[in-house]
Every structure is written in structure tokens, then in C-alpha cells.
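Shown next: target_35.cif, given as mmCIF, C-alpha atoms and all ligand atoms.
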```cif
data_work
#
loop_
_atom_site.label_atom_id
_atom_site.label_comp_id
_atom_site.auth_asym_id
_atom_site.auth_seq_id
_atom_site.Cartn_x
_atom_site.Cartn_y
_atom_site.Cartn_z
CA MET A 1 -2.37 -0.60 -27.51
CA ASP A 2 0.37 -2.20 -29.56
CA LEU A 3 -0.07 -5.66 -27.99
CA GLN A 4 -3.82 -5.76 -28.58
CA GLY A 5 -5.04 -9.28 -29.24
CA GLN A 6 -1.63 -10.84 -28.50
CA HIS A 7 -1.06 -13.53 -25.87
CA VAL A 8 1.94 -12.81 -23.63
CA VAL A 9 3.11 -15.57 -21.25
CA VAL A 10 5.41 -14.46 -18.44
CA LEU A 11 7.11 -17.37 -16.65
CA GLY A 12 8.05 -15.95 -13.25
CA GLY A 13 5.44 -13.26 -13.83
CA THR A 14 3.99 -13.40 -10.33
CA SER A 15 6.61 -11.17 -8.72
CA GLY A 16 9.15 -8.42 -9.28
CA ILE A 17 10.35 -7.79 -12.82
CA GLY A 18 8.02 -10.40 -14.34
CA LEU A 19 4.94 -8.99 -12.63
CA ALA A 20 5.84 -5.45 -13.75
CA THR A 21 6.30 -6.75 -17.30
CA ALA A 22 2.97 -8.61 -17.23
CA THR A 23 1.23 -5.48 -15.92
CA ALA A 24 2.78 -3.27 -18.59
CA ALA A 25 1.90 -5.77 -21.34
CA ALA A 26 -1.71 -6.00 -20.15
CA ARG A 27 -1.95 -2.19 -20.14
CA ARG A 28 -0.86 -2.25 -23.77
CA GLY A 29 -3.73 -4.55 -24.67
CA ALA A 30 -2.15 -8.01 -24.34
CA THR A 31 -3.90 -11.03 -22.96
CA VAL A 32 -1.51 -12.04 -20.19
CA THR A 33 -0.76 -15.36 -18.49
CA VAL A 34 1.65 -15.46 -15.55
CA ALA A 35 3.10 -18.67 -14.13
CA SER A 36 5.19 -19.65 -11.13
CA SER A 37 5.59 -22.44 -8.60
CA ARG A 38 3.53 -21.25 -5.61
CA SER A 39 -0.23 -20.80 -5.65
CA THR A 40 0.06 -17.99 -3.08
CA SER A 41 2.21 -15.96 -5.50
CA VAL A 42 -0.13 -16.67 -8.41
CA ASP A 43 -3.14 -15.52 -6.36
CA LYS A 44 -1.34 -12.38 -5.15
CA ALA A 45 -0.33 -11.49 -8.69
CA LEU A 46 -3.84 -11.98 -10.08
CA ALA A 47 -5.15 -9.65 -7.38
CA VAL A 48 -3.03 -6.77 -8.75
CA LEU A 49 -2.90 -7.55 -12.47
CA PRO A 50 -5.44 -5.88 -14.79
CA ALA A 51 -8.68 -7.83 -15.29
CA GLY A 52 -8.45 -10.63 -17.82
CA ALA A 53 -5.01 -11.90 -16.75
CA THR A 54 -4.77 -15.58 -15.90
CA GLY A 55 -2.37 -17.51 -13.71
CA ARG A 56 -0.85 -21.00 -13.91
CA LEU A 57 1.08 -23.12 -11.47
CA ALA A 58 4.27 -24.77 -12.72
CA ASP A 59 7.64 -25.58 -11.24
CA LEU A 60 9.80 -24.41 -14.13
CA GLY A 61 12.69 -26.49 -12.91
CA ARG A 62 10.67 -29.57 -13.93
CA PRO A 63 10.55 -30.04 -17.72
CA GLY A 64 7.41 -32.24 -17.47
CA GLU A 65 5.48 -29.38 -15.83
CA VAL A 66 6.77 -26.93 -18.41
CA ARG A 67 5.68 -29.23 -21.25
CA ALA A 68 2.21 -29.71 -19.71
CA LEU A 69 1.80 -25.94 -19.31
CA PHE A 70 2.50 -25.22 -22.97
CA ASP A 71 0.49 -28.20 -24.24
CA ASP A 72 -2.40 -26.55 -22.46
CA LEU A 73 -1.69 -22.97 -23.60
CA GLY A 74 -1.32 -23.78 -27.31
CA GLU A 75 0.15 -21.12 -29.62
CA ILE A 76 1.21 -17.87 -27.95
CA ASP A 77 2.59 -14.59 -29.32
CA HIS A 78 5.32 -13.72 -26.81
CA LEU A 79 7.23 -15.74 -24.21
CA VAL A 80 8.99 -13.88 -21.40
CA TYR A 81 11.15 -15.80 -18.93
CA THR A 82 11.95 -14.03 -15.64
CA ALA A 83 11.82 -16.94 -13.18
CA GLY A 84 14.76 -17.01 -10.81
CA GLU A 85 15.72 -17.59 -7.22
CA PRO A 86 18.26 -15.70 -5.12
CA LEU A 87 21.79 -16.83 -5.88
CA ASP A 88 24.22 -17.35 -3.05
CA LEU A 89 27.75 -16.07 -3.27
CA MET A 90 29.99 -19.07 -3.91
CA PRO A 91 33.75 -18.57 -3.56
CA VAL A 92 35.44 -21.11 -5.83
CA ALA A 93 37.67 -22.47 -3.09
CA THR A 94 34.73 -23.67 -1.03
CA LEU A 95 31.83 -24.03 -3.43
CA ASP A 96 29.73 -27.13 -3.47
CA LEU A 97 29.73 -28.38 -7.08
CA ALA A 98 26.29 -30.00 -6.75
CA ALA A 99 24.80 -26.71 -5.52
CA ALA A 100 26.56 -24.84 -8.33
CA ARG A 101 25.04 -27.25 -10.87
CA ASP A 102 21.61 -26.87 -9.23
CA PHE A 103 21.64 -23.13 -9.78
CA PHE A 104 21.53 -23.74 -13.54
CA THR A 105 18.28 -25.71 -13.19
CA LEU A 106 15.81 -22.85 -13.08
CA ARG A 107 17.52 -19.92 -14.76
CA TYR A 108 19.21 -21.73 -17.63
CA PHE A 109 17.56 -25.14 -18.12
CA GLY A 110 14.15 -23.77 -17.11
CA ALA A 111 14.44 -21.16 -19.84
CA LEU A 112 15.70 -23.74 -22.35
CA SER A 113 12.88 -26.17 -21.56
CA ALA A 114 10.29 -23.37 -21.90
CA VAL A 115 11.70 -22.37 -25.28
CA GLN A 116 11.60 -26.00 -26.37
CA ALA A 117 8.02 -26.57 -25.22
CA ALA A 118 6.39 -23.26 -26.19
CA ARG A 119 4.83 -22.63 -29.58
CA VAL A 120 5.71 -18.96 -30.06
CA ARG A 121 4.59 -16.81 -32.99
CA ARG A 122 6.53 -13.56 -32.43
CA SER A 123 9.15 -13.13 -29.69
CA ILE A 124 11.00 -14.72 -26.79
CA THR A 125 12.70 -12.59 -24.14
CA LEU A 126 15.01 -14.22 -21.59
CA THR A 127 16.67 -12.77 -18.50
CA THR A 128 20.37 -12.51 -17.76
CA GLY A 129 22.18 -9.97 -15.54
CA VAL A 130 25.23 -7.75 -15.23
CA ALA A 131 27.07 -10.34 -13.12
CA LYS A 132 28.46 -11.63 -16.44
CA ASP A 133 29.92 -8.21 -17.28
CA ARG A 134 31.27 -7.10 -13.94
CA PRO A 135 31.44 -10.03 -11.52
CA GLY A 136 32.66 -9.58 -7.97
CA ALA A 137 34.56 -12.21 -6.01
CA GLY A 138 32.26 -15.14 -5.26
CA TRP A 139 30.15 -14.57 -8.38
CA ALA A 140 31.70 -17.25 -10.61
CA VAL A 141 28.52 -19.35 -10.76
CA ALA A 142 26.10 -16.43 -11.08
CA ALA A 143 28.26 -14.86 -13.81
CA SER A 144 28.40 -18.20 -15.64
CA ILE A 145 24.61 -18.57 -15.62
CA CYS A 146 24.21 -15.04 -16.99
CA GLY A 147 26.84 -15.70 -19.65
CA ALA A 148 25.15 -18.97 -20.61
CA VAL A 149 21.76 -17.24 -21.02
CA GLN A 150 23.40 -14.55 -23.16
CA ALA A 151 24.95 -17.17 -25.45
CA LEU A 152 21.66 -19.10 -25.55
CA THR A 153 19.82 -15.95 -26.62
CA LYS A 154 22.09 -15.39 -29.61
CA ALA A 155 22.05 -19.03 -30.69
CA LEU A 156 18.25 -19.19 -30.44
CA ALA A 157 17.87 -15.99 -32.44
CA VAL A 158 19.62 -17.77 -35.31
CA GLU A 159 17.91 -21.13 -34.91
CA LEU A 160 14.34 -19.98 -34.26
CA ALA A 161 14.12 -17.11 -36.78
CA PRO A 162 11.79 -15.51 -37.78
CA VAL A 163 10.78 -15.64 -34.09
CA ARG A 164 12.90 -12.93 -32.47
CA VAL A 165 14.89 -13.90 -29.37
CA ASN A 166 16.38 -11.28 -27.04
CA ALA A 167 17.38 -10.96 -23.39
CA VAL A 168 17.26 -8.26 -20.76
CA SER A 169 20.23 -7.77 -18.44
CA PRO A 170 19.26 -5.88 -15.28
CA GLY A 171 21.58 -4.40 -12.69
CA VAL A 172 20.44 -4.43 -9.07
CA VAL A 173 16.69 -3.85 -8.89
CA ARG A 174 14.49 -3.26 -5.87
CA SER A 175 12.40 -6.46 -5.91
CA PRO A 176 11.26 -9.38 -3.74
CA LEU A 177 14.32 -11.29 -4.98
CA TRP A 178 16.20 -9.63 -2.11
CA SER A 179 13.58 -10.38 0.55
CA ARG A 180 15.75 -12.95 2.31
CA MET A 181 17.82 -10.00 3.57
CA GLY A 182 16.61 -8.04 6.59
CA GLU A 183 15.00 -4.71 5.69
CA ASP A 184 17.79 -2.53 7.12
CA GLU A 185 20.52 -4.52 5.41
CA ARG A 186 18.59 -4.48 2.13
CA GLU A 187 17.97 -0.73 2.18
CA ARG A 188 21.64 -0.17 3.00
CA MET A 189 22.62 -2.32 0.01
CA TYR A 190 20.28 -0.37 -2.31
CA ARG A 191 21.71 2.94 -1.00
CA ASP A 192 25.34 1.80 -1.25
CA ILE A 193 24.99 0.45 -4.77
CA GLY A 194 22.78 3.32 -5.93
CA GLY A 195 25.26 5.84 -4.55
CA HIS A 196 28.11 4.39 -6.61
CA ILE A 197 26.53 4.14 -10.06
CA PRO A 198 25.84 6.88 -12.63
CA ALA A 199 22.03 6.73 -12.23
CA GLY A 200 22.39 7.49 -8.52
CA ARG A 201 19.89 4.81 -7.53
CA VAL A 202 19.13 1.12 -8.01
CA GLY A 203 16.49 0.08 -10.54
CA GLU A 204 12.77 -0.23 -10.00
CA VAL A 205 10.95 -3.18 -11.59
CA GLU A 206 9.07 -0.79 -13.91
CA ASP A 207 12.39 0.49 -15.31
CA ILE A 208 13.28 -3.04 -16.37
CA ALA A 209 9.79 -3.95 -17.64
CA GLU A 210 10.17 -1.26 -20.32
CA ALA A 211 13.01 -3.26 -21.88
CA TYR A 212 10.89 -6.44 -22.12
CA LEU A 213 8.11 -4.37 -23.70
CA PHE A 214 10.59 -3.04 -26.25
CA CYS A 215 11.69 -6.60 -27.09
CA MET A 216 8.07 -7.63 -27.64
CA THR A 217 6.76 -4.64 -29.54
CA GLN A 218 9.48 -3.65 -32.01
CA SER A 219 10.14 -5.89 -34.98
CA PHE A 220 13.84 -5.72 -35.87
CA ALA A 221 15.93 -6.52 -32.77
CA THR A 222 16.91 -10.15 -32.38
CA GLY A 223 19.88 -11.78 -30.67
CA THR A 224 20.22 -8.60 -28.61
CA VAL A 225 20.93 -8.29 -24.90
CA ILE A 226 19.59 -5.05 -23.48
CA THR A 227 21.40 -3.87 -20.36
CA VAL A 228 19.30 -1.75 -18.00
CA ASP A 229 21.56 -1.18 -15.02
CA GLY A 230 21.80 2.53 -14.23
CA GLY A 231 25.33 2.42 -15.63
CA SER A 232 26.62 -0.03 -13.03
CA VAL A 233 28.95 -1.80 -15.46
CA LEU A 234 30.76 1.53 -15.86
CA ALA A 235 31.11 2.32 -12.17
N1 LIG B 301 16.23 -8.10 -8.80
C1 LIG B 301 17.47 -7.93 -9.23
O1 LIG B 301 18.24 -7.14 -8.64
C2 LIG B 301 17.98 -8.68 -10.43
C3 LIG B 301 19.21 -8.30 -11.01
C4 LIG B 301 19.68 -9.01 -12.11
C5 LIG B 301 18.96 -10.08 -12.62
N2 LIG B 301 17.79 -10.43 -12.02
C6 LIG B 301 17.07 -11.58 -12.55
O2 LIG B 301 15.79 -11.21 -12.98
C7 LIG B 301 14.90 -12.33 -12.79
C8 LIG B 301 13.68 -11.82 -12.05
O3 LIG B 301 14.08 -11.33 -10.79
P1 LIG B 301 13.07 -10.60 -9.80
O4 LIG B 301 13.84 -9.55 -9.11
O5 LIG B 301 11.83 -10.25 -10.52
O6 LIG B 301 12.80 -11.81 -8.76
P2 LIG B 301 11.49 -12.16 -7.89
O7 LIG B 301 10.71 -10.94 -7.60
O8 LIG B 301 11.99 -12.97 -6.76
O9 LIG B 301 10.62 -13.09 -8.89
C9 LIG B 301 11.05 -14.37 -9.22
C10 LIG B 301 9.90 -15.13 -9.83
O10 LIG B 301 10.35 -16.45 -10.16
C11 LIG B 301 9.36 -17.37 -9.69
N3 LIG B 301 9.99 -18.66 -9.42
C12 LIG B 301 10.97 -18.95 -8.53
N4 LIG B 301 11.24 -20.27 -8.54
C13 LIG B 301 10.41 -20.82 -9.48
C14 LIG B 301 10.21 -22.13 -9.96
N5 LIG B 301 10.92 -23.18 -9.52
N6 LIG B 301 9.26 -22.33 -10.90
C15 LIG B 301 8.50 -21.29 -11.36
N7 LIG B 301 8.68 -20.03 -10.96
C16 LIG B 301 9.62 -19.79 -10.03
C17 LIG B 301 8.79 -16.72 -8.43
O11 LIG B 301 7.50 -17.21 -8.09
P3 LIG B 301 7.24 -18.48 -7.09
O12 LIG B 301 8.01 -18.21 -5.87
O13 LIG B 301 5.76 -18.51 -6.94
O14 LIG B 301 7.72 -19.69 -7.82
C18 LIG B 301 8.69 -15.28 -8.92
O15 LIG B 301 7.52 -15.10 -9.68
C19 LIG B 301 15.69 -13.40 -12.04
O16 LIG B 301 16.19 -14.35 -12.94
C20 LIG B 301 16.85 -12.62 -11.46
O17 LIG B 301 17.99 -13.40 -11.29
C21 LIG B 301 17.27 -9.74 -10.96
#
```
Using the file provided, produce a representation of the structure as C-alpha cells.
Amino acid sequence: MDLQGQHVVVLGGTSGIGLATATAAARRGATVTVASSRSTSVDKALAVLPAGATGRLADLGRPGEVRALFDDLGEIDHLVYTAGEPLDLMPVATLDLAAARDFFTLRYFGALSAVQAARVRRSITLTTGVAKDRPGAGWAVAASICGAVQALTKALAVELAPVRVNAVSPGVVRSPLWSRMGEDERERMYRDIGGHIPAGRVGEVEDIAEAYLFCMTQSFATGTVITVDGGSVLA
């Protein structure tokens, strides 16, 4: 129970990777708070999280809501940021610059505003992705967001020390992030990608949660980006 007595706040913790991380942290003894923008997701998450977890509503794209959330929470031990929305492919020739800018709101500026507002005692773990390492055509904006979060992680590790700041970089993971796709198309995508990477399958949210747990529980890693992608950057 290496997180016993520690308060872990997972922004985006009502679904997918964040929910798996919140669950794993609670099982290791943490007091867990999850937050996201829809009350239905908060309620669904609280129904499956271990007893004692609490949920908050906040649109993390709105700095005022982020500030109010942390004013209310006070000092916390660990901040985890997994909030994100599906990114559309945006070929440069046709992309809408306003939409491209908008995509930075939640994943980059949301994370930055949370880091600014939170009073964190021990660690911060952000979320990037392998799009920055091995982008396909149409991924210029997604790759840029991931690259920006990676750079932010390293800069924060220097500026906020002794608080440790790390990031997790998942490959494709079976999660509700892909729920806009039809089931057949989604399963085909998981099979196709899984069949072409060394691990032979796409990730499960629990695979990725382990990396966030590592970032919270060990005491020496800071400024590190942990890739958990089944080897997809090598494929
Ligand atoms: N799944 C993958 O294959 C994959 C791969 C690489 C990187 N990632 C990254 O990992 C992160 C987590 O992904 P996931 O698969 O766990 O996605 P997910 O299951 O869709 O979870 C996303 C979470 O973000 C919350 N959220 C969305 N908009 C929000 C807003 N405006 N304010 C507050 N919360 C908001 C959602 O809750 P509400 O809807 O209630 O707001 C939900 O809790 C994302 O940044 C994603 O880009 C995922």
C-alpha cells in the first residue's frame, strides 16, 4: 500500500487510462479524486471506483474552473492529467487553423493550467503519445501537441523541483477514446495495429496505468517520458 494516506487527483480520471490509473492508485491505498466535464461520466466512474473515491465536475479547458477546483481541493500529493478528446486527422493542405489551435486547449493548456493551479507535494504526471515519435500523414497537429507536452514535462521538472514531473506516452490503447468509431471498424483497427507491432496487440488501459503508478510511487525519475506502446515506434 505504497500510496497509503496520499491524495491522488486524476483529471480525466472518469474514463479509460485515467480511470484505470485512479483504480490502481486507490488499490494501493491512495485517497482518489477524479474529475471531468460531464456529470454522467463522474457518476459512472464513482460506481466502479473503490469506496472512498470522490468525483468533481470541471471543464479543464476553462482555466477558471480548474482554479476553482484546486482552490477547493487544497494541497494534494499527486496530480495526474489524462484528459483528452479524440483528435481528428488534419492534412496540412486543408486544415482549419482555428480548429488546430483549439486542439491545444484541453491537452496542452488544460494540463498547464492544472499545473499552475494545483498545490502538489510529490509528483505530477502528464500524458503525451507516440504520435510525436512516429507520426503518420495528417498527424501534424496531434504530433505537435504530444511534442509540446513532452517539452513542458521536462521544463516543469526543472522549474518545480523537488516536485517530480513526468509524462506517459501511450501507443494505441483500447479505450472509450475510440468510441466515435463503429464497433467493427474499431475492432479492425485494433487488430490491424496490434498485428503489426512487436507486442502483437494494442494496449489495455491497465497496461498504461502501471506507468502512471510508477511515476507516482518511485522517488528518482523526473523529466522522464515513459513510452508504453507495445513497441509501435519500432514497427
Ligand atoms: N487511447 C489511446 O489509444 C491513446 C493513445 C495515446 C494517447 N492517448 C491519450 O491519453 C489520454 C487519455 O485517453 P483515454 O484513452 O483514457 O481517453 P478517454 O477514455 O476518452 O478519457 C478521456 C477523459 O477526458 C475527459 N475529458 C474530455 N474532455 C474534457 C474536458 N473538457 N474537461 C475535463 N475532462 C475532459 C473525459 O471525461 P468527460 O467526457 O466527462 O469530460 C474522460 O474522463 C488522452 O489525452 C489521449 O489523447 C490515448
List all protein, DNA and RNA residues that have at least one atom no more than 7 Å from any atom of ligand LIG 301 (chain B), counting all atoms listed in the file, and write them as number ranges by chain. A: 11-18, 35-42, 58-61, 82-86, 106-107, 127-130, 169-178
Now that the selection is made, can you save its residues with C-alpha atoms as a JSON list (two decimals), keeping the file's coordinate frame?
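And here's again-v4.json as it stands now:
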```json
[["chain", "number", "residue", "atom", "x", "y", "z"],
["A", 11, "LEU", "CA", 7.11, -17.37, -16.65],
["A", 12, "GLY", "CA", 8.05, -15.95, -13.25],
["A", 13, "GLY", "CA", 5.44, -13.26, -13.83],
["A", 14, "THR", "CA", 3.99, -13.40, -10.33],
["A", 15, "SER", "CA", 6.61, -11.17, -8.72],
["A", 16, "GLY", "CA", 9.15, -8.42, -9.28],
["A", 17, "ILE", "CA", 10.35, -7.79, -12.82],
["A", 18, "GLY", "CA", 8.02, -10.40, -14.34],
["A", 35, "ALA", "CA", 3.10, -18.67, -14.13],
["A", 36, "SER", "CA", 5.19, -19.65, -11.13],
["A", 37, "SER", "CA", 5.59, -22.44, -8.60],
["A", 38, "ARG", "CA", 3.53, -21.25, -5.61],
["A", 39, "SER", "CA", -0.23, -20.80, -5.65],
["A", 40, "THR", "CA", 0.06, -17.99, -3.08],
["A", 41, "SER", "CA", 2.21, -15.96, -5.50],
["A", 42, "VAL", "CA", -0.13, -16.67, -8.41],
["A", 58, "ALA", "CA", 4.27, -24.77, -12.72],
["A", 59, "ASP", "CA", 7.64, -25.58, -11.24],
["A", 60, "LEU", "CA", 9.80, -24.41, -14.13],
["A", 61, "GLY", "CA", 12.69, -26.49, -12.91],
["A", 82, "THR", "CA", 11.95, -14.03, -15.64],
["A", 83, "ALA", "CA", 11.82, -16.94, -13.18],
["A", 84, "GLY", "CA", 14.76, -17.01, -10.81],
["A", 85, "GLU", "CA", 15.72, -17.59, -7.22],
["A", 86, "PRO", "CA", 18.26, -15.70, -5.12],
["A", 106, "LEU", "CA", 15.81, -22.85, -13.08],
["A", 107, "ARG", "CA", 17.52, -19.92, -14.76],
["A", 127, "THR", "CA", 16.67, -12.77, -18.50],
["A", 128, "THR", "CA", 20.37, -12.51, -17.76],
["A", 129, "GLY", "CA", 22.18, -9.97, -15.54],
["A", 130, "VAL", "CA", 25.23, -7.75, -15.23],
["A", 169, "SER", "CA", 20.23, -7.77, -18.44],
["A", 170, "PRO", "CA", 19.26, -5.88, -15.28],
["A", 171, "GLY", "CA", 21.58, -4.40, -12.69],
["A", 172, "VAL", "CA", 20.44, -4.43, -9.07],
["A", 173, "VAL", "CA", 16.69, -3.85, -8.89],
["A", 174, "ARG", "CA", 14.49, -3.26, -5.87],
["A", 175, "SER", "CA", 12.40, -6.46, -5.91],
["A", 176, "PRO", "CA", 11.26, -9.38, -3.74],
["A", 177, "LEU", "CA", 14.32, -11.29, -4.98],
["A", 178, "TRP", "CA", 16.20, -9.63, -2.11]]
```
Hey, can you check how far atom CA of Arg191 of chain A sits from atom CA of Thr21 of chain A? 24.4 Å
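Close to (16.7, -21.6, -32.4), meaning no more than 12 Å away when counting all atoms listed in the file, sit the residues Leu112, Val115, Gln116, Val120, Ser123, Ile124, Ala151, Leu152, Thr153, Lys154, Ala155, Leu156, Ala157, Val158, Glu159, Leu160, Ala161, Pro162, Val163, Arg164, Val165, Asn166, Thr222 and Gly223 of chain A.
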Output C-alpha atoms for every residue in that selection, as a tab-separated table (two decimals), in the coordinates of the input.
```
chain	number	residue	atom	x	y	z
A	112	LEU	CA	15.70	-23.74	-22.35
A	115	VAL	CA	11.70	-22.37	-25.28
A	116	GLN	CA	11.60	-26.00	-26.37
A	120	VAL	CA	5.71	-18.96	-30.06
A	123	SER	CA	9.15	-13.13	-29.69
A	124	ILE	CA	11.00	-14.72	-26.79
A	151	ALA	CA	24.95	-17.17	-25.45
A	152	LEU	CA	21.66	-19.10	-25.55
A	153	THR	CA	19.82	-15.95	-26.62
A	154	LYS	CA	22.09	-15.39	-29.61
A	155	ALA	CA	22.05	-19.03	-30.69
A	156	LEU	CA	18.25	-19.19	-30.44
A	157	ALA	CA	17.87	-15.99	-32.44
A	158	VAL	CA	19.62	-17.77	-35.31
A	159	GLU	CA	17.91	-21.13	-34.91
A	160	LEU	CA	14.34	-19.98	-34.26
A	161	ALA	CA	14.12	-17.11	-36.78
A	162	PRO	CA	11.79	-15.51	-37.78
A	163	VAL	CA	10.78	-15.64	-34.09
A	164	ARG	CA	12.90	-12.93	-32.47
A	165	VAL	CA	14.89	-13.90	-29.37
A	166	ASN	CA	16.38	-11.28	-27.04
A	222	THR	CA	16.91	-10.15	-32.38
A	223	GLY	CA	19.88	-11.78	-30.67
```
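Atom pair atom CA of Tyr81 of chain A / atom CA of Thr217 of chain A: separated by 16.0 Å.
With distances taken over all atoms listed in the file, A:Val225 is the one residue among A:Val10, A:Ala137, A:Val225, A:Val80 lying closest to Val149 of chain A.
Interatomic distance, atom CA of Lys132 of chain A against atom CA of Ile145 of chain A: 8.0 Å.
Here the question is which of A:Pro91, A:Pro63, A:Gly74, A:Gly147 gets nearest to Ser113 of chain A using only C-alpha atoms, and that residue is A:Pro63.
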Counting all atoms listed in the file, the residue of A:Leu234, A:Ala209, A:Val32, A:Cys146 that sits nearest Leu73 of chain A: A:Val32
Need the shell around Val8 of chain A: protein/DNA/RNA residues with any atom at most 9 Å away, counting all atoms listed in the file. Skip same-chain ones fewer than 6 positions apart. Format as a short mmCIF file (atom, residue, chain, number, x, y, z; two decimals) with C-alpha atoms, in the frame of the given file?
```cif
data_model
loop_
_atom_site.label_atom_id
_atom_site.label_comp_id
_atom_site.auth_asym_id
_atom_site.auth_seq_id
_atom_site.Cartn_x
_atom_site.Cartn_y
_atom_site.Cartn_z
CA ALA A 22 2.97 -8.61 -17.23
CA ALA A 25 1.90 -5.77 -21.34
CA ALA A 26 -1.71 -6.00 -20.15
CA ALA A 30 -2.15 -8.01 -24.34
CA THR A 31 -3.90 -11.03 -22.96
CA VAL A 32 -1.51 -12.04 -20.19
CA THR A 33 -0.76 -15.36 -18.49
CA VAL A 34 1.65 -15.46 -15.55
CA ILE A 76 1.21 -17.87 -27.95
CA ASP A 77 2.59 -14.59 -29.32
CA HIS A 78 5.32 -13.72 -26.81
CA LEU A 79 7.23 -15.74 -24.21
CA VAL A 80 8.99 -13.88 -21.40
CA MET A 216 8.07 -7.63 -27.64
#
```
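Restricting the calculation to all atoms listed in the file, the smallest distance between Ala211 of chain A and any of A:Leu126, A:Leu69, A:Ala131, A:Ala140 is found for A:Leu126.
The smallest atom-to-atom distance between Ala93 of chain A and any of A:Gln150, A:Gly52, A:Leu19, A:Gly138, using only C-alpha atoms, is found for A:Gly138.
Nearest residue to Arg180 of chain A, choosing from A:Asp207, A:Ala167, A:Asp88, A:Ser144 and counting all atoms listed in the file: A:Asp88.
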